[in-house]
$ cat my_file34.txt   # compact mmCIF, C-alpha atoms
# COMPACT_ATOMS: atom_id res chain seq x y z
CA MET A 14 33.12 80.21 99.34
CA GLN A 15 30.78 78.75 101.97
CA THR A 16 28.59 81.87 101.72
CA ILE A 17 28.22 81.39 97.95
CA VAL A 18 27.18 77.75 98.27
CA LYS A 19 24.80 78.54 101.15
CA LYS A 20 23.12 81.29 99.14
CA PHE A 21 22.70 78.89 96.25
CA GLN A 22 21.19 76.14 98.42
CA ASN A 23 18.76 78.53 100.11
CA SER A 24 17.60 80.04 96.81
CA LEU A 25 17.09 76.56 95.37
CA LYS A 26 15.00 75.44 98.36
CA HIS A 27 12.83 78.52 98.00
CA LEU A 28 12.34 77.87 94.29
CA PHE A 29 11.39 74.25 94.86
CA LYS A 30 8.82 75.22 97.50
CA GLN A 31 7.26 77.61 94.99
CA ARG A 32 6.93 74.75 92.51
CA ARG A 33 5.49 72.42 95.16
CA TYR A 34 8.31 69.91 94.87
CA LEU A 35 8.84 70.45 98.58
CA SER A 36 6.61 71.09 101.56
CA SER A 37 7.81 73.64 104.10
CA SER A 38 9.21 70.85 106.27
CA ASN A 39 10.59 68.51 103.60
CA ASN A 40 14.03 69.26 102.11
CA GLU A 41 14.40 65.87 100.45
CA TRP A 42 15.18 67.21 96.98
CA THR A 43 17.85 69.77 97.81
CA ASP A 44 19.46 67.63 100.49
CA ASN A 45 19.76 64.55 98.30
CA MET A 46 20.17 65.64 94.69
CA SER A 47 23.92 65.01 94.79
CA LYS A 48 23.38 61.36 95.77
CA LYS A 49 23.13 58.55 93.23
CA SER A 50 20.80 56.62 95.53
CA PHE A 51 18.26 59.45 95.41
CA TRP A 52 18.13 59.50 91.60
CA GLN A 53 18.14 55.72 91.38
CA GLN A 54 15.05 55.64 93.57
CA PHE A 55 13.49 58.50 91.59
CA TYR A 56 13.96 56.76 88.23
CA SER A 57 12.72 53.47 89.64
CA LYS A 58 9.48 55.19 90.66
CA HIS A 59 9.16 57.07 87.35
CA SER A 60 10.14 54.37 84.89
CA THR A 61 7.44 54.89 82.25
CA GLU A 62 7.63 58.58 81.34
CA SER A 63 10.37 61.11 80.69
CA PHE A 64 11.15 63.87 83.18
CA GLU A 65 12.32 67.28 81.99
CA TRP A 66 14.46 69.05 84.54
CA LEU A 67 14.49 72.86 84.15
CA ILE A 68 13.33 73.37 80.53
CA LYS A 69 11.85 71.38 77.69
CA PHE A 70 13.26 71.66 74.21
CA ASP A 71 11.87 74.53 72.21
CA GLN A 72 12.59 75.17 68.53
CA SER A 73 13.73 78.70 69.36
CA LEU A 74 16.70 77.22 71.22
CA THR A 75 18.08 75.76 68.00
CA SER A 76 19.09 79.11 66.49
CA LEU A 77 20.32 80.36 69.87
CA ILE A 78 22.67 77.39 70.23
CA GLU A 79 23.68 77.45 66.56
CA ASN A 80 24.68 81.11 66.73
CA ALA A 81 26.51 80.84 70.05
CA THR A 82 28.70 77.82 69.29
CA LEU A 83 32.10 78.25 67.67
CA SER A 84 32.01 75.19 65.46
CA GLY A 85 29.45 75.01 62.68
CA GLN A 86 29.93 71.26 62.62
CA LYS A 87 28.11 69.37 65.37
CA SER A 88 28.66 65.87 64.10
CA LEU A 89 28.98 64.28 67.55
CA MET A 90 26.97 65.42 70.58
CA LEU A 91 27.09 64.23 74.19
CA ASP A 92 24.38 64.66 76.84
CA VAL A 93 25.94 64.45 80.32
CA GLY A 94 23.65 63.18 83.07
CA CYS A 95 20.75 62.95 80.65
CA GLY A 96 18.38 61.18 83.04
CA THR A 97 15.12 60.57 81.20
CA SER A 98 15.13 63.93 79.41
CA LEU A 99 14.33 64.09 75.69
CA PHE A 100 15.95 67.53 75.36
CA SER A 101 19.11 66.46 73.50
CA THR A 102 17.24 63.97 71.33
CA GLU A 103 14.97 66.75 70.10
CA LEU A 104 17.87 69.19 69.80
CA LYS A 105 19.78 66.69 67.65
CA ALA A 106 16.78 66.30 65.36
CA SER A 107 16.75 70.07 64.80
CA PHE A 108 20.42 70.14 63.68
CA SER A 109 21.04 69.06 60.10
CA SER A 110 24.78 68.68 60.78
CA THR A 111 24.55 66.38 63.82
CA ASN A 112 25.33 62.80 62.88
CA PHE A 113 25.39 61.08 66.27
CA LEU A 114 24.29 61.62 69.87
CA LEU A 115 25.50 59.83 72.99
CA CYS A 116 23.27 60.04 76.07
CA SER A 117 25.18 59.27 79.28
CA ASP A 118 23.94 58.64 82.79
CA PHE A 119 24.81 56.42 85.75
CA SER A 120 21.24 55.07 85.92
CA TYR A 121 20.43 52.03 83.82
CA GLU A 122 16.70 52.57 84.44
CA ALA A 123 16.85 56.11 83.03
CA LEU A 124 18.78 55.03 79.94
CA ASP A 125 16.49 52.05 79.39
CA LEU A 126 13.48 54.36 79.33
CA LEU A 127 15.14 56.67 76.79
CA ARG A 128 16.17 53.69 74.69
CA SER A 129 12.57 52.46 74.62
CA LYS A 130 11.43 55.84 73.28
CA SER A 131 14.06 56.04 70.53
CA ASN A 132 14.02 54.34 67.15
CA SER A 133 17.06 56.21 65.84
CA GLN A 134 20.17 54.40 64.65
CA THR A 135 22.24 57.52 65.36
CA ILE A 136 21.59 57.74 69.11
CA ASP A 137 23.29 55.52 71.67
CA PHE A 138 23.01 55.26 75.46
CA VAL A 139 26.03 54.78 77.73
CA GLN A 140 25.91 53.98 81.44
CA CYS A 141 28.89 55.58 83.17
CA ASP A 142 30.10 57.89 85.93
CA CYS A 143 29.45 61.28 84.35
CA LYS A 144 31.95 62.96 86.67
CA ARG A 145 34.65 60.86 84.97
CA LEU A 146 33.55 60.46 81.39
CA PRO A 147 35.12 57.40 79.73
CA TYR A 148 35.54 58.97 76.30
CA ARG A 149 38.76 59.95 74.57
CA HIS A 150 40.14 63.48 74.52
CA GLY A 151 38.71 65.86 71.91
CA LEU A 152 35.92 63.53 70.74
CA PHE A 153 32.81 65.74 70.89
CA ASP A 154 31.75 68.88 69.04
CA LEU A 155 28.99 69.74 71.52
CA ILE A 156 28.31 68.68 75.11
CA ILE A 157 24.98 69.36 76.84
CA ASP A 158 24.87 69.60 80.64
CA LYS A 159 21.25 70.26 81.66
CA GLY A 160 21.22 70.24 85.45
CA PHE A 161 24.03 67.72 85.98
CA THR A 162 26.46 70.31 87.35
CA ASP A 163 23.62 71.70 89.47
CA SER A 164 23.24 68.29 91.14
CA LEU A 165 26.95 68.22 92.02
CA LEU A 166 26.58 71.57 93.75
CA LYS A 167 23.93 70.17 96.09
CA GLU A 168 26.62 68.26 97.97
CA THR A 169 26.38 69.53 101.56
CA ASN A 170 30.15 69.41 102.11
CA THR A 171 31.21 72.77 100.69
CA ASN A 172 34.77 71.87 99.71
CA LYS A 173 33.70 68.61 98.12
CA SER A 174 30.90 70.39 96.26
CA ILE A 175 33.19 72.99 94.72
CA ASN A 176 36.06 70.63 93.97
CA GLN A 177 33.97 67.89 92.36
CA THR A 178 32.16 70.48 90.25
CA ILE A 179 35.37 72.03 88.93
CA ASP A 180 36.90 68.60 88.29
CA SER A 181 33.77 67.50 86.43
CA ILE A 182 33.68 70.58 84.19
CA ASN A 183 37.38 70.17 83.38
CA ASN A 184 36.70 66.54 82.51
CA GLN A 185 33.92 67.60 80.13
CA LEU A 186 36.14 70.25 78.52
CA ASN A 187 38.80 67.61 77.96
CA LYS A 188 36.35 65.62 75.83
CA LEU A 189 35.63 68.56 73.51
CA GLU A 190 37.37 69.01 70.18
CA ASN A 191 39.36 72.23 69.63
CA PHE A 192 36.41 74.48 68.81
CA GLY A 193 33.76 72.49 70.61
CA THR A 194 31.29 74.02 73.05
CA LEU A 195 30.06 72.95 76.46
CA ILE A 196 26.50 74.12 77.11
CA GLN A 197 25.26 74.30 80.69
CA ILE A 198 21.58 74.87 81.41
CA THR A 199 20.76 75.96 84.96
CA ASP A 200 18.35 78.01 87.06
CA GLU A 201 21.23 79.13 89.27
CA ASP A 202 21.90 82.85 89.65
CA PRO A 203 24.86 83.87 87.42
CA GLU A 204 26.65 85.41 90.40
CA LEU A 205 26.70 82.02 92.09
CA ARG A 206 27.72 80.09 88.97
CA ILE A 207 30.51 82.47 87.97
CA ASN A 208 32.02 83.35 91.36
CA GLY A 209 33.95 80.40 92.70
CA ILE A 210 33.24 78.04 89.79
CA LEU A 211 33.64 79.42 86.27
CA ASP A 212 36.13 82.07 87.32
CA ARG A 213 38.46 79.30 88.50
CA LEU A 214 38.54 77.62 85.08
CA TYR A 215 40.68 78.47 82.06
CA ILE A 216 37.73 79.18 79.79
CA GLN A 217 35.86 81.75 77.79
CA PHE A 218 32.10 81.87 78.34
CA ASN A 219 28.92 83.87 77.95
CA PHE A 220 25.33 83.19 78.92
CA LYS A 221 21.79 83.97 77.90
CA GLU A 222 18.70 84.21 80.08
CA VAL A 223 15.63 82.42 78.75
CA GLU A 224 12.17 81.63 80.07
CA ASN A 225 10.54 78.22 80.07
CA GLN A 226 6.94 77.51 79.18
CA SER A 227 5.86 78.34 82.76
CA GLY A 228 7.56 81.73 82.77
CA PHE A 229 10.49 80.78 85.03
CA SER A 230 13.91 82.18 84.11
CA TYR A 231 16.86 79.94 83.28
CA PHE A 232 20.37 80.51 82.06
CA ILE A 233 22.23 78.87 79.19
CA TYR A 234 26.03 79.05 79.41
CA PHE A 235 28.25 78.62 76.34
CA ILE A 236 31.73 77.57 77.44
CA ASN A 237 34.92 77.16 75.37
CA LYS A 238 38.54 76.44 76.21
CA ILE A 239 40.64 79.60 76.00
CA ASN A 240 43.85 77.82 75.00
CA GLU A 241 42.17 76.33 71.96
CA ILE A 242 40.51 79.60 70.93
CA ARG A 243 43.85 81.43 70.91
CA LYS A 244 45.21 79.04 68.30
CA SER A 245 42.61 80.14 65.76
$ encode --input "my_file34.txt" --output "structure tokens"
Amino acid sequence: MQTIVKKFQNSLKHLFKQRRYLSSSNNEWTDNMSKKSFWQQFYSKHSTESFEWLIKFDQSLTSLIENATLSGQKSLMLDVGCGTSLFSTELKASFSSTNFLLCSDFSYEALDLLRSKSNSQTIDFVQCDCKRLPYRHGLFDLIIDKGFTDSLLKETNTNKSINQTIDSINNQLNKLENFGTLIQITDEDPELRINGILDRLYIQFNFKEVENQSGFSYFIYFINKINEIRKS
């Protein structure tokens, strides 16, 4: 297990150096991404413009997500750890069947920025601990996790990293309705995401590799609860 997490952390540091987020001697991002204080400081410094982690919304993602989700109805969406990303807001606008979107994050500054950019009456912003979502069981048709789980995996304590990640995913799955879908967007190698994380959950999943506008590869996971699927 420690080898898997170490491989992930090393590959992430290398990727960040390529993108000039880090200098060769500065590991601030990868060493601190699991800490609320790091993101609070980040959003305080970047309080006037949105920040898209991993990928921006692209219209081509609409059909990909539509075809991969079990439920045709996406009346209620949740964005977990949304930060200041506009991804889910733009995704919602592309779905004719989505009636309401909740954007959740622990950072008031991040949510306040998103709120200032939205004039929609069908989008709301909720400050909460996204590892322990405060919503009732089976509420959402679709949950978007774009980089939130990745941040949990940056915890330097290996056991804590794995355990909090699994607990968080189970918490998200609990908030899905019977045929709802959890979508995870990550740049993590599938071997690292599946071994030790997804293979320890009672789920059915598949993933697609996509490229962002800069040509970097990312992975979109479509996750469903097995026990609910077997009832169909």
$ residues_around --input "my_file34.txt" --residues "segment 159-168 of chain A" --least-positions-apart "4" --cutoff "8 Å" --atoms "all atoms listed in the file" --output "ChimeraX atom specification"
/A:18,22,43-48,66-67,93-95,173-175,177-178,181-182,196-199,201
$ write_last_selection --input "my_file34.txt" --atoms "C-alpha atoms" --output "tab-separated table (two decimals), in the frame of the given file"
chain	number	residue	atom	x	y	z
A	18	VAL	CA	27.18	77.75	98.27
A	22	GLN	CA	21.19	76.14	98.42
A	43	THR	CA	17.85	69.77	97.81
A	44	ASP	CA	19.46	67.63	100.49
A	45	ASN	CA	19.76	64.55	98.30
A	46	MET	CA	20.17	65.64	94.69
A	47	SER	CA	23.92	65.01	94.79
A	48	LYS	CA	23.38	61.36	95.77
A	66	TRP	CA	14.46	69.05	84.54
A	67	LEU	CA	14.49	72.86	84.15
A	93	VAL	CA	25.94	64.45	80.32
A	94	GLY	CA	23.65	63.18	83.07
A	95	CYS	CA	20.75	62.95	80.65
A	173	LYS	CA	33.70	68.61	98.12
A	174	SER	CA	30.90	70.39	96.26
A	175	ILE	CA	33.19	72.99	94.72
A	177	GLN	CA	33.97	67.89	92.36
A	178	THR	CA	32.16	70.48	90.25
A	181	SER	CA	33.77	67.50	86.43
A	182	ILE	CA	33.68	70.58	84.19
A	196	ILE	CA	26.50	74.12	77.11
A	197	GLN	CA	25.26	74.30	80.69
A	198	ILE	CA	21.58	74.87	81.41
A	199	THR	CA	20.76	75.96	84.96
A	201	GLU	CA	21.23	79.13	89.27
$ atom_distance --input "my_file34.txt" --atom1 "atom CA of Tyr215 of chain A" --atom2 "atom CA of Phe235 of chain A"
13.7 Å
$ closest_residue --input "my_file34.txt" --among "A:Ser98, A:Asn237, A:Asn170, A:Asn208" --to "Tyr56 of chain A" --atoms "all atoms listed in the file"
A:Ser98
$ residues_around --input "my_file34.txt" --residues "Leu195 of chain A" --least-positions-apart "6" --cutoff "8 Å" --atoms "all atoms listed in the file" --output "CSV table (one decimal) with C-alpha atoms, keeping the file's coordinate frame"
chain,number,residue,atom,x,y,z
A,155,LEU,CA,29.0,69.7,71.5
A,156,ILE,CA,28.3,68.7,75.1
A,157,ILE,CA,25.0,69.4,76.8
A,158,ASP,CA,24.9,69.6,80.6
A,185,GLN,CA,33.9,67.6,80.1
A,186,LEU,CA,36.1,70.2,78.5
A,189,LEU,CA,35.6,68.6,73.5
A,234,TYR,CA,26.0,79.0,79.4
A,235,PHE,CA,28.2,78.6,76.3
A,236,ILE,CA,31.7,77.6,77.4
A,237,ASN,CA,34.9,77.2,75.4
$ residues_around --input "my_file34.txt" --residues "segment 135-139 of chain A" --least-positions-apart "6" --cutoff "8 Å" --atoms "all atoms listed in the file" --output "JSON, numbers by chain"
{"A": [102, 112, 113, 114, 115, 116, 117, 118, 124, 128]}
$ closest_residue --input "my_file34.txt" --among "A:Asn191, A:Val223, A:His150, A:Ala123" --to "Gln54 of chain A" --atoms "all atoms listed in the file"
A:Ala123
$ atom_distance --input "my_file34.txt" --atom1 "atom CA of Lys238 of chain A" --atom2 "atom CA of Asn187 of chain A"
9.0 Å
$ atom_distance --input "my_file34.txt" --atom1 "atom CA of Leu146 of chain A" --atom2 "atom CA of Thr61 of chain A"
26.7 Å
$ closest_residue --input "my_file34.txt" --among "A:Ile233, A:Leu104, A:Leu126, A:Ile179" --to "Asp200 of chain A" --atoms "only C-alpha atoms"
A:Ile233
$ decode --input "my_file34.txt" --residues "segment 176-207 of chain A" --atoms "N, CA, C and O atoms" --output "mmCIF file, in the first residue's frame"
data_model
loop_
_atom_site.group_PDB
_atom_site.id
_atom_site.type_symbol
_atom_site.label_atom_id
_atom_site.label_comp_id
_atom_site.auth_asym_id
_atom_site.auth_seq_id
_atom_site.Cartn_x
_atom_site.Cartn_y
_atom_site.Cartn_z
ATOM 1 N N ASN A 176 -7.481 5.530 4.169
ATOM 2 C CA ASN A 176 -8.718 5.379 4.931
ATOM 3 C C ASN A 176 -9.674 6.550 4.724
ATOM 4 O O ASN A 176 -10.882 6.362 4.556
ATOM 5 N N GLN A 177 -9.141 7.782 4.743
ATOM 6 C CA GLN A 177 -10.027 8.928 4.573
ATOM 7 C C GLN A 177 -10.580 8.992 3.150
ATOM 8 O O GLN A 177 -11.713 9.457 2.932
ATOM 9 N N THR A 178 -9.800 8.516 2.191
ATOM 10 C CA THR A 178 -10.272 8.491 0.803
ATOM 11 C C THR A 178 -11.414 7.505 0.637
ATOM 12 O O THR A 178 -12.448 7.816 0.036
ATOM 13 N N ILE A 179 -11.256 6.308 1.160
ATOM 14 C CA ILE A 179 -12.301 5.287 1.058
ATOM 15 C C ILE A 179 -13.559 5.733 1.805
ATOM 16 O O ILE A 179 -14.683 5.584 1.308
ATOM 17 N N ASP A 180 -13.387 6.284 2.992
ATOM 18 C CA ASP A 180 -14.537 6.771 3.763
ATOM 19 C C ASP A 180 -15.265 7.881 3.007
ATOM 20 O O ASP A 180 -16.506 7.937 2.999
ATOM 21 N N SER A 181 -14.517 8.766 2.377
ATOM 22 C CA SER A 181 -15.116 9.872 1.648
ATOM 23 C C SER A 181 -15.908 9.383 0.440
ATOM 24 O O SER A 181 -17.031 9.847 0.183
ATOM 25 N N ILE A 182 -15.346 8.439 -0.311
ATOM 26 C CA ILE A 182 -16.060 7.906 -1.478
ATOM 27 C C ILE A 182 -17.328 7.191 -1.042
ATOM 28 O O ILE A 182 -18.394 7.338 -1.655
ATOM 29 N N ASN A 183 -17.252 6.405 0.023
ATOM 30 C CA ASN A 183 -18.454 5.737 0.538
ATOM 31 C C ASN A 183 -19.513 6.745 0.959
ATOM 32 O O ASN A 183 -20.715 6.536 0.761
ATOM 33 N N ASN A 184 -19.074 7.849 1.546
ATOM 34 C CA ASN A 184 -19.999 8.905 1.945
ATOM 35 C C ASN A 184 -20.686 9.513 0.727
ATOM 36 O O ASN A 184 -21.905 9.770 0.752
ATOM 37 N N GLN A 185 -19.939 9.724 -0.342
ATOM 38 C CA GLN A 185 -20.519 10.253 -1.572
ATOM 39 C C GLN A 185 -21.525 9.265 -2.166
ATOM 40 O O GLN A 185 -22.625 9.660 -2.591
ATOM 41 N N LEU A 186 -21.155 7.981 -2.193
ATOM 42 C CA LEU A 186 -22.048 6.965 -2.745
ATOM 43 C C LEU A 186 -23.349 6.883 -1.959
ATOM 44 O O LEU A 186 -24.420 6.634 -2.527
ATOM 45 N N ASN A 187 -23.263 7.113 -0.667
ATOM 46 C CA ASN A 187 -24.455 7.086 0.178
ATOM 47 C C ASN A 187 -25.443 8.187 -0.201
ATOM 48 O O ASN A 187 -26.656 8.034 -0.004
ATOM 49 N N LYS A 188 -24.950 9.275 -0.773
ATOM 50 C CA LYS A 188 -25.819 10.395 -1.122
ATOM 51 C C LYS A 188 -26.439 10.248 -2.509
ATOM 52 O O LYS A 188 -27.274 11.060 -2.909
ATOM 53 N N LEU A 189 -26.057 9.199 -3.235
ATOM 54 C CA LEU A 189 -26.609 8.964 -4.570
ATOM 55 C C LEU A 189 -27.924 8.208 -4.499
ATOM 56 O O LEU A 189 -28.108 7.317 -3.668
ATOM 57 N N GLU A 190 -28.838 8.539 -5.425
ATOM 58 C CA GLU A 190 -30.055 7.747 -5.545
ATOM 59 C C GLU A 190 -29.699 6.402 -6.191
ATOM 60 O O GLU A 190 -28.563 6.161 -6.599
ATOM 61 N N ASN A 191 -30.676 5.494 -6.278
ATOM 62 C CA ASN A 191 -30.401 4.104 -6.651
ATOM 63 C C ASN A 191 -29.570 3.944 -7.923
ATOM 64 O O ASN A 191 -28.671 3.115 -7.972
ATOM 65 N N PHE A 192 -29.889 4.713 -8.950
ATOM 66 C CA PHE A 192 -29.167 4.571 -10.208
ATOM 67 C C PHE A 192 -28.307 5.797 -10.505
ATOM 68 O O PHE A 192 -27.976 6.069 -11.651
ATOM 69 N N GLY A 193 -27.952 6.505 -9.455
ATOM 70 C CA GLY A 193 -27.102 7.671 -9.617
ATOM 71 C C GLY A 193 -25.667 7.285 -9.928
ATOM 72 O O GLY A 193 -25.251 6.135 -9.769
ATOM 73 N N THR A 194 -24.895 8.275 -10.361
ATOM 74 C CA THR A 194 -23.504 8.046 -10.767
ATOM 75 C C THR A 194 -22.578 9.049 -10.087
ATOM 76 O O THR A 194 -22.874 10.241 -10.036
ATOM 77 N N LEU A 195 -21.482 8.535 -9.576
ATOM 78 C CA LEU A 195 -20.392 9.361 -9.065
ATOM 79 C C LEU A 195 -19.331 9.459 -10.155
ATOM 80 O O LEU A 195 -18.848 8.444 -10.642
ATOM 81 N N ILE A 196 -18.987 10.678 -10.538
ATOM 82 C CA ILE A 196 -17.968 10.898 -11.561
ATOM 83 C C ILE A 196 -16.730 11.492 -10.899
ATOM 84 O O ILE A 196 -16.804 12.531 -10.258
ATOM 85 N N GLN A 197 -15.615 10.804 -11.046
ATOM 86 C CA GLN A 197 -14.334 11.303 -10.555
ATOM 87 C C GLN A 197 -13.465 11.691 -11.748
ATOM 88 O O GLN A 197 -13.327 10.926 -12.697
ATOM 89 N N ILE A 198 -12.879 12.876 -11.667
ATOM 90 C CA ILE A 198 -11.976 13.350 -12.711
ATOM 91 C C ILE A 198 -10.599 13.518 -12.080
ATOM 92 O O ILE A 198 -10.447 14.200 -11.075
ATOM 93 N N THR A 199 -9.593 12.874 -12.664
ATOM 94 C CA THR A 199 -8.274 12.814 -12.051
ATOM 95 C C THR A 199 -7.198 12.689 -13.122
ATOM 96 O O THR A 199 -7.474 12.263 -14.250
ATOM 97 N N ASP A 200 -5.973 13.059 -12.772
ATOM 98 C CA ASP A 200 -4.837 12.799 -13.663
ATOM 99 C C ASP A 200 -4.019 11.621 -13.150
ATOM 100 O O ASP A 200 -2.942 11.335 -13.651
ATOM 101 N N GLU A 201 -4.544 10.940 -12.151
ATOM 102 C CA GLU A 201 -3.840 9.825 -11.529
ATOM 103 C C GLU A 201 -3.878 8.581 -12.421
ATOM 104 O O GLU A 201 -4.904 8.258 -13.027
ATOM 105 N N ASP A 202 -2.766 7.881 -12.488
ATOM 106 C CA ASP A 202 -2.683 6.644 -13.256
ATOM 107 C C ASP A 202 -3.738 5.657 -12.775
ATOM 108 O O ASP A 202 -3.905 5.452 -11.574
ATOM 109 N N PRO A 203 -4.481 5.006 -13.691
ATOM 110 C CA PRO A 203 -5.542 4.071 -13.284
ATOM 111 C C PRO A 203 -5.051 2.968 -12.346
ATOM 112 O O PRO A 203 -5.793 2.540 -11.449
ATOM 113 N N GLU A 204 -3.828 2.509 -12.539
ATOM 114 C CA GLU A 204 -3.297 1.471 -11.655
ATOM 115 C C GLU A 204 -3.291 1.936 -10.210
ATOM 116 O O GLU A 204 -3.596 1.172 -9.285
ATOM 117 N N LEU A 205 -2.967 3.211 -10.002
ATOM 118 C CA LEU A 205 -2.901 3.739 -8.650
ATOM 119 C C LEU A 205 -4.285 3.999 -8.081
ATOM 120 O O LEU A 205 -4.513 3.845 -6.883
ATOM 121 N N ARG A 206 -5.221 4.424 -8.920
ATOM 122 C CA ARG A 206 -6.576 4.704 -8.453
ATOM 123 C C ARG A 206 -7.326 3.405 -8.143
ATOM 124 O O ARG A 206 -8.055 3.323 -7.154
ATOM 125 N N ILE A 207 -7.126 2.398 -8.956
ATOM 126 C CA ILE A 207 -7.899 1.157 -8.805
ATOM 127 C C ILE A 207 -7.328 0.293 -7.688
ATOM 128 O O ILE A 207 -8.063 -0.167 -6.799
#
